[in-house]
>>> print(open('start-v4.txt').read())   # compact mmCIF, C-alpha atoms
# COMPACT_ATOMS: atom_id res chain seq x y z
CA MET X 1 55.56 -1.51 -85.71
CA MET X 2 57.85 0.48 -83.41
CA GLN X 3 60.50 0.51 -86.16
CA LYS X 4 57.95 1.95 -88.63
CA ILE X 5 57.06 4.68 -86.13
CA ALA X 6 60.73 5.44 -85.63
CA LEU X 7 61.45 5.53 -89.35
CA GLY X 8 58.28 7.45 -90.09
CA LEU X 9 59.26 10.09 -87.59
CA ALA X 10 62.60 10.72 -89.26
CA GLY X 11 64.40 8.20 -87.09
CA LEU X 12 63.45 9.73 -83.76
CA VAL X 13 63.70 6.57 -81.72
CA LEU X 14 66.43 4.81 -83.70
CA ALA X 15 68.64 7.88 -83.71
CA GLY X 16 68.11 8.45 -80.00
CA THR X 17 66.89 12.00 -80.44
CA ILE X 18 64.34 11.93 -77.64
CA SER X 19 65.46 13.57 -74.43
CA SER X 20 63.73 13.84 -71.11
CA ALA X 21 61.50 16.80 -70.31
CA ASN X 22 60.24 17.56 -66.82
CA ALA X 23 56.65 16.41 -67.15
CA GLY X 24 54.15 17.38 -64.53
CA PRO X 25 50.41 17.60 -64.23
CA ALA X 26 48.86 20.17 -66.54
CA ASP X 27 45.51 21.78 -66.17
CA LEU X 28 44.02 22.54 -69.55
CA ASN X 29 41.23 25.05 -70.06
CA GLY X 30 39.11 26.23 -72.99
CA ARG X 31 40.01 25.07 -76.48
CA PRO X 32 43.08 23.05 -75.41
CA ALA X 33 40.93 21.10 -72.93
CA GLN X 34 38.31 20.51 -75.62
CA ALA X 35 40.99 19.38 -78.10
CA ALA X 36 42.41 16.94 -75.53
CA SER X 37 38.92 15.57 -74.92
CA TYR X 38 38.33 15.08 -78.66
CA PHE X 39 41.73 13.40 -78.94
CA GLU X 40 40.81 10.91 -76.25
CA GLN X 41 37.36 10.32 -77.72
CA TYR X 42 38.37 9.85 -81.36
CA CYS X 43 42.08 8.96 -81.51
CA LEU X 44 42.68 6.97 -78.32
CA ALA X 45 39.31 5.34 -77.63
CA ASN X 46 39.56 2.85 -80.50
CA GLY X 47 42.66 1.13 -79.17
CA GLY X 48 44.80 2.27 -82.08
CA ASN X 49 42.39 1.04 -84.76
CA LEU X 50 42.55 3.97 -87.15
CA THR X 51 39.79 2.65 -89.41
CA LYS X 52 37.49 2.81 -86.38
CA ALA X 53 38.77 6.32 -85.63
CA ILE X 54 37.72 7.40 -89.14
CA ALA X 55 34.29 5.81 -88.66
CA ALA X 56 33.87 7.52 -85.28
CA LEU X 57 34.81 10.92 -86.73
CA ALA X 58 32.55 10.40 -89.76
CA GLY X 59 29.63 9.44 -87.53
CA SER X 60 30.09 12.21 -85.00
CA LYS X 61 27.93 15.29 -84.66
CA THR X 62 31.04 17.29 -83.76
CA PHE X 63 33.18 16.77 -86.86
CA GLY X 64 32.01 17.06 -90.45
CA ASN X 65 32.94 18.05 -94.01
CA GLN X 66 34.90 14.84 -94.49
CA SER X 67 37.41 14.93 -97.32
CA GLY X 68 40.37 12.80 -98.30
CA THR X 69 41.23 9.74 -100.30
CA ASN X 70 41.06 5.98 -100.12
CA ALA X 71 43.30 4.85 -102.98
CA GLY X 72 44.95 1.44 -102.81
CA SER X 73 46.86 1.10 -99.56
CA ILE X 74 46.66 4.83 -98.73
CA THR X 75 43.82 6.27 -96.68
CA TYR X 76 43.56 9.90 -95.69
CA ALA X 77 40.52 11.40 -93.99
CA SER X 78 40.21 15.02 -92.91
CA PHE X 79 37.38 16.59 -90.90
CA THR X 80 36.50 20.11 -89.81
CA GLY X 81 35.35 20.65 -86.27
CA PRO X 82 34.21 23.41 -83.98
CA ASP X 83 36.15 26.46 -82.87
CA GLY X 84 39.23 25.85 -85.02
CA ILE X 85 39.72 22.24 -83.89
CA ASN X 86 39.97 19.77 -86.76
CA ALA X 87 40.89 16.09 -87.18
CA SER X 88 42.69 13.84 -89.65
CA VAL X 89 43.77 10.22 -90.02
CA LYS X 90 46.59 8.94 -92.23
CA ILE X 91 47.08 5.26 -93.03
CA GLY X 92 49.60 3.66 -95.39
CA PHE X 93 51.83 6.63 -96.19
CA SER X 94 55.50 5.83 -96.79
CA SER X 95 56.70 9.16 -95.41
CA ILE X 96 55.12 8.91 -91.94
CA ALA X 97 53.70 6.18 -89.74
CA ASP X 98 49.94 5.67 -89.48
CA HIS X 99 48.35 8.12 -87.06
CA CYS X 100 45.27 10.00 -85.90
CA SER X 101 45.49 13.75 -85.25
CA ILE X 102 43.47 16.44 -83.58
CA ILE X 103 44.56 19.80 -84.96
CA VAL X 104 44.32 23.03 -82.98
CA MET X 105 44.32 26.09 -85.26
CA GLY X 106 45.29 29.55 -84.00
CA SER X 107 46.96 28.20 -80.86
CA GLY X 108 49.31 31.11 -80.18
CA ASP X 109 52.55 29.76 -78.68
CA GLY X 110 52.64 26.30 -80.26
CA MET X 111 55.51 24.94 -78.18
CA ALA X 112 53.89 26.02 -74.92
CA LEU X 113 50.60 24.41 -75.91
CA SER X 114 52.37 21.25 -77.07
CA LYS X 115 54.16 21.00 -73.71
CA ALA X 116 50.92 21.57 -71.79
CA LEU X 117 49.15 18.88 -73.83
CA ALA X 118 52.00 16.40 -73.35
CA ASP X 119 52.09 17.11 -69.62
CA HIS X 120 48.32 16.62 -69.49
CA PHE X 121 48.52 13.17 -71.10
CA ALA X 122 51.63 12.22 -69.10
CA ALA X 123 49.80 13.02 -65.87
CA LYS X 124 46.76 11.01 -66.97
CA THR X 125 48.80 7.96 -67.98
CA GLY X 126 51.48 8.09 -65.31
CA ALA X 127 54.13 8.21 -68.04
CA ASN X 128 56.89 10.76 -68.60
CA ALA X 129 56.77 13.29 -71.41
CA SER X 130 59.93 13.60 -73.49
CA SER X 131 61.03 16.42 -75.75
CA VAL X 132 61.31 15.52 -79.42
CA LYS X 133 63.84 17.15 -81.72
CA PRO X 134 62.60 18.69 -84.99
CA PHE X 135 61.36 16.26 -87.65
CA ALA X 136 59.17 16.26 -90.77
CA ASP X 137 56.51 19.02 -90.54
CA TYR X 138 57.51 19.79 -86.96
CA GLY X 139 60.55 22.05 -87.34
CA GLU X 140 60.53 23.09 -83.69
CA GLY X 141 60.17 19.56 -82.34
CA GLY X 142 57.52 18.78 -79.77
CA TYR X 143 56.76 16.40 -76.92
CA ALA X 144 56.08 12.65 -76.80
CA VAL X 145 54.25 10.50 -74.27
CA PRO X 146 54.24 6.69 -74.47
CA TYR X 147 50.69 5.35 -74.65
CA GLU X 148 49.80 1.66 -74.75
CA SER X 149 51.68 0.26 -77.75
CA GLY X 150 52.34 3.62 -79.38
CA GLN X 151 53.08 7.28 -78.74
CA ILE X 152 51.22 10.53 -78.32
CA ILE X 153 53.16 13.38 -79.90
CA ALA X 154 52.10 17.01 -79.51
CA ALA X 155 53.97 19.43 -81.74
CA PRO X 156 53.50 22.73 -83.57
CA MET X 157 53.40 22.37 -87.33
CA THR X 158 55.95 24.65 -88.96
CA THR X 159 55.18 23.93 -92.61
CA GLY X 160 51.56 25.06 -92.50
CA ILE X 161 49.96 27.92 -94.34
CA GLN X 162 49.51 29.83 -91.10
CA PRO X 163 51.31 29.96 -87.75
CA GLY X 164 49.88 28.59 -84.54
CA ILE X 165 48.84 25.10 -85.68
CA VAL X 166 49.40 22.32 -83.12
CA HIS X 167 48.89 18.64 -83.89
CA ILE X 168 48.08 16.13 -81.17
CA ASN X 169 49.03 12.83 -82.82
CA PHE X 170 48.56 9.22 -81.80
CA PHE X 171 50.89 6.78 -83.51
CA PRO X 172 49.58 3.32 -82.53
>>> encode(input="start-v4.txt", output="structure tokens")
Amino acid sequence: MMQKIALGLAGLVLAGTISSANAGPADLNGRPAQAASYFEQYCLANGGNLTKAIAALAGSKTFGNQSGTNAGSITYASFTGPDGINASVKIGFSSIADHCSIIVMGSGDGMALSKALADHFAAKTGANASSVKPFADYGEGGYAVPYESGQIIAAPMTTGIQPGIVHINFFP
């Protein structure tokens, strides 16, 4: 599974493109704190079971307007949430490893928010956050935190239709 994550993230791990960042405790407030809470509740709470993450999002009173596809081995579910915080789950894609995302729209400085989110999760888990070089939709890179058998990656999306979109991803 780790090899799939590495390959799905444009060879991040296999190519050795992760370098250490000085992680420290981060206090989150407002929308970033709410996004981190949703991430824990929907992406991390199911132990990496992304089918359960979809069910939790679909059954929540917070997220709605589910859209996506379930065709063959590919599953994609997208949800709108409050205050510009959305969610999505991708399973079975050849271009990226399976993952659950909380998406923060209109975040301002995406790299600063990504770093704060990574530091937040690093402090909670006792792990170290690492900087991630640019890959896929994340042309500025981001920050990774090991979590259980996977990784949390917070990064600003640079291929979106608007600036200021940050994804908090869990790759189980």
>>> closest_residue(input="start-v4.txt", among="X:Gly64, X:Pro146, X:Gly160, X:Gly30", to="Pro172 (chain X)", atoms="all atoms listed in the file")
X:Pro146
>>> atom_distance(input="start-v4.txt", atom1="CA of Phe135 (chain X)", atom2="CA of Ala122 (chain X)")
21.3 Å
>>> closest_residue(input="start-v4.txt", among="X:Phe93, X:Met157, X:His120, X:Leu113", to="Gly72 (chain X)", atoms="all atoms listed in the file")
X:Phe93
>>> atom_distance(input="start-v4.txt", atom1="CA of Tyr143 (chain X)", atom2="CA of Asp98 (chain X)")
17.9 Å
>>> residues_around(input="start-v4.txt", residues="Met111 (chain X)", least_positions_apart="3", cutoff="10 Å", atoms="only C-alpha atoms", output="JSON, numbers by chain")
{"X": [107, 108, 114, 115, 116, 117, 140, 141, 142, 143, 154, 155, 156, 157, 164, 166]}
>>> residues_near_point(input="start-v4.txt", point="(36.4, 8.1, -91.7)", cutoff="12 Å", atoms="only C-alpha atoms", output="JSON, numbers by chain")
{"X": [42, 43, 49, 50, 51, 52, 53, 54, 55, 56, 57, 58, 59, 60, 63, 64, 65, 66, 67, 68, 69, 70, 75, 76, 77, 78, 79, 87, 88, 89, 90, 91, 100]}
>>> atom_distance(input="start-v4.txt", atom1="CA of Asp119 (chain X)", atom2="CA of Asp27 (chain X)")
8.8 Å
>>> residues_near_point(input="start-v4.txt", point="(45.8, 13.8, -83.4)", cutoff="10 Å", atoms="all atoms listed in the file", output="JSON, numbers by chain")
{"X": [35, 36, 38, 39, 40, 42, 43, 44, 86, 87, 88, 89, 99, 100, 101, 102, 103, 104, 152, 153, 154, 166, 167, 168, 169, 170, 171]}
>>> axis_aligned_box(input="start-v4.txt", around="region 97-109 of chain X", padding_each_side="5 Å", output="JSON")
{"center_x": 48.6, "center_y": 18.4, "center_z": -84.2, "size_x": 20.2, "size_y": 35.4, "size_z": 21.1}
>>> decode(input="start-v4.txt", residues="region 101-125 of chain X", atoms="N, CA, C and O atoms", output="PDB file, in the first residue's frame")
ATOM      1  N   SER X 101     -10.616  13.712   1.607  1.00  0.00           N
ATOM      2  CA  SER X 101     -10.171  15.110   1.683  1.00  0.00           C
ATOM      3  C   SER X 101     -11.229  16.004   2.311  1.00  0.00           C
ATOM      4  O   SER X 101     -12.413  15.863   2.028  1.00  0.00           O
ATOM      5  N   ILE X 102     -10.765  16.925   3.112  1.00  0.00           N
ATOM      6  CA  ILE X 102     -11.569  18.076   3.514  1.00  0.00           C
ATOM      7  C   ILE X 102     -10.952  19.257   2.769  1.00  0.00           C
ATOM      8  O   ILE X 102      -9.730  19.433   2.759  1.00  0.00           O
ATOM      9  N   ILE X 103     -11.794  20.040   2.135  1.00  0.00           N
ATOM     10  CA  ILE X 103     -11.351  21.101   1.235  1.00  0.00           C
ATOM     11  C   ILE X 103     -11.759  22.450   1.808  1.00  0.00           C
ATOM     12  O   ILE X 103     -12.936  22.680   2.086  1.00  0.00           O
ATOM     13  N   VAL X 104     -10.791  23.323   1.996  1.00  0.00           N
ATOM     14  CA  VAL X 104     -11.042  24.657   2.533  1.00  0.00           C
ATOM     15  C   VAL X 104     -10.958  25.644   1.375  1.00  0.00           C
ATOM     16  O   VAL X 104      -9.893  25.846   0.792  1.00  0.00           O
ATOM     17  N   MET X 105     -12.085  26.239   1.028  1.00  0.00           N
ATOM     18  CA  MET X 105     -12.153  27.217  -0.062  1.00  0.00           C
ATOM     19  C   MET X 105     -11.821  28.604   0.499  1.00  0.00           C
ATOM     20  O   MET X 105     -12.096  28.890   1.666  1.00  0.00           O
ATOM     21  N   GLY X 106     -11.272  29.469  -0.334  1.00  0.00           N
ATOM     22  CA  GLY X 106     -11.017  30.853   0.064  1.00  0.00           C
ATOM     23  C   GLY X 106     -10.118  30.966   1.278  1.00  0.00           C
ATOM     24  O   GLY X 106     -10.387  31.735   2.193  1.00  0.00           O
ATOM     25  N   SER X 107      -9.006  30.218   1.267  1.00  0.00           N
ATOM     26  CA  SER X 107      -8.162  30.130   2.460  1.00  0.00           C
ATOM     27  C   SER X 107      -7.123  31.235   2.571  1.00  0.00           C
ATOM     28  O   SER X 107      -6.424  31.310   3.572  1.00  0.00           O
ATOM     29  N   GLY X 108      -6.993  32.071   1.567  1.00  0.00           N
ATOM     30  CA  GLY X 108      -5.953  33.101   1.623  1.00  0.00           C
ATOM     31  C   GLY X 108      -4.609  32.488   1.272  1.00  0.00           C
ATOM     32  O   GLY X 108      -4.457  31.888   0.221  1.00  0.00           O
ATOM     33  N   ASP X 109      -3.633  32.598   2.149  1.00  0.00           N
ATOM     34  CA  ASP X 109      -2.291  32.053   1.931  1.00  0.00           C
ATOM     35  C   ASP X 109      -2.331  30.538   2.130  1.00  0.00           C
ATOM     36  O   ASP X 109      -2.272  30.042   3.254  1.00  0.00           O
ATOM     37  N   GLY X 110      -2.419  29.805   1.025  1.00  0.00           N
ATOM     38  CA  GLY X 110      -2.573  28.358   1.088  1.00  0.00           C
ATOM     39  C   GLY X 110      -1.408  27.632   1.722  1.00  0.00           C
ATOM     40  O   GLY X 110      -1.593  26.659   2.445  1.00  0.00           O
ATOM     41  N   MET X 111      -0.197  28.068   1.463  1.00  0.00           N
ATOM     42  CA  MET X 111       0.970  27.409   2.065  1.00  0.00           C
ATOM     43  C   MET X 111       1.005  27.622   3.570  1.00  0.00           C
ATOM     44  O   MET X 111       1.303  26.700   4.323  1.00  0.00           O
ATOM     45  N   ALA X 112       0.684  28.833   4.012  1.00  0.00           N
ATOM     46  CA  ALA X 112       0.677  29.107   5.450  1.00  0.00           C
ATOM     47  C   ALA X 112      -0.389  28.267   6.153  1.00  0.00           C
ATOM     48  O   ALA X 112      -0.136  27.705   7.222  1.00  0.00           O
ATOM     49  N   LEU X 113      -1.570  28.169   5.544  1.00  0.00           N
ATOM     50  CA  LEU X 113      -2.617  27.349   6.151  1.00  0.00           C
ATOM     51  C   LEU X 113      -2.226  25.874   6.129  1.00  0.00           C
ATOM     52  O   LEU X 113      -2.426  25.166   7.117  1.00  0.00           O
ATOM     53  N   SER X 114      -1.636  25.412   5.045  1.00  0.00           N
ATOM     54  CA  SER X 114      -1.207  24.015   4.968  1.00  0.00           C
ATOM     55  C   SER X 114      -0.193  23.700   6.062  1.00  0.00           C
ATOM     56  O   SER X 114      -0.263  22.655   6.715  1.00  0.00           O
ATOM     57  N   LYS X 115       0.744  24.600   6.275  1.00  0.00           N
ATOM     58  CA  LYS X 115       1.762  24.418   7.330  1.00  0.00           C
ATOM     59  C   LYS X 115       1.111  24.405   8.701  1.00  0.00           C
ATOM     60  O   LYS X 115       1.422  23.546   9.539  1.00  0.00           O
ATOM     61  N   ALA X 116       0.186  25.318   8.946  1.00  0.00           N
ATOM     62  CA  ALA X 116      -0.498  25.361  10.246  1.00  0.00           C
ATOM     63  C   ALA X 116      -1.291  24.077  10.490  1.00  0.00           C
ATOM     64  O   ALA X 116      -1.279  23.533  11.597  1.00  0.00           O
ATOM     65  N   LEU X 117      -1.963  23.584   9.454  1.00  0.00           N
ATOM     66  CA  LEU X 117      -2.723  22.331   9.593  1.00  0.00           C
ATOM     67  C   LEU X 117      -1.796  21.156   9.854  1.00  0.00           C
ATOM     68  O   LEU X 117      -2.060  20.321  10.729  1.00  0.00           O
ATOM     69  N   ALA X 118      -0.699  21.067   9.119  1.00  0.00           N
ATOM     70  CA  ALA X 118       0.260  19.980   9.330  1.00  0.00           C
ATOM     71  C   ALA X 118       0.851  20.044  10.729  1.00  0.00           C
ATOM     72  O   ALA X 118       0.968  19.023  11.420  1.00  0.00           O
ATOM     73  N   ASP X 119       1.216  21.239  11.173  1.00  0.00           N
ATOM     74  CA  ASP X 119       1.749  21.396  12.529  1.00  0.00           C
ATOM     75  C   ASP X 119       0.718  20.993  13.573  1.00  0.00           C
ATOM     76  O   ASP X 119       1.062  20.378  14.586  1.00  0.00           O
ATOM     77  N   HIS X 120      -0.533  21.330  13.326  1.00  0.00           N
ATOM     78  CA  HIS X 120      -1.621  20.954  14.235  1.00  0.00           C
ATOM     79  C   HIS X 120      -1.691  19.434  14.390  1.00  0.00           C
ATOM     80  O   HIS X 120      -1.721  18.910  15.506  1.00  0.00           O
ATOM     81  N   PHE X 121      -1.707  18.722  13.258  1.00  0.00           N
ATOM     82  CA  PHE X 121      -1.816  17.260  13.321  1.00  0.00           C
ATOM     83  C   PHE X 121      -0.530  16.616  13.827  1.00  0.00           C
ATOM     84  O   PHE X 121      -0.576  15.603  14.527  1.00  0.00           O
ATOM     85  N   ALA X 122       0.618  17.205  13.524  1.00  0.00           N
ATOM     86  CA  ALA X 122       1.885  16.700  14.049  1.00  0.00           C
ATOM     87  C   ALA X 122       1.904  16.801  15.570  1.00  0.00           C
ATOM     88  O   ALA X 122       2.302  15.857  16.264  1.00  0.00           O
ATOM     89  N   ALA X 123       1.443  17.937  16.094  1.00  0.00           N
ATOM     90  CA  ALA X 123       1.407  18.116  17.548  1.00  0.00           C
ATOM     91  C   ALA X 123       0.440  17.127  18.200  1.00  0.00           C
ATOM     92  O   ALA X 123       0.724  16.578  19.268  1.00  0.00           O
ATOM     93  N   LYS X 124      -0.678  16.878  17.566  1.00  0.00           N
ATOM     94  CA  LYS X 124      -1.669  15.947  18.123  1.00  0.00           C
ATOM     95  C   LYS X 124      -1.181  14.506  18.107  1.00  0.00           C
ATOM     96  O   LYS X 124      -1.542  13.727  18.984  1.00  0.00           O
ATOM     97  N   THR X 125      -0.397  14.140  17.101  1.00  0.00           N
ATOM     98  CA  THR X 125       0.036  12.751  16.955  1.00  0.00           C
ATOM     99  C   THR X 125       1.427  12.497  17.517  1.00  0.00           C
ATOM    100  O   THR X 125       1.834  11.345  17.656  1.00  0.00           O
TER     101      THR X 125
END
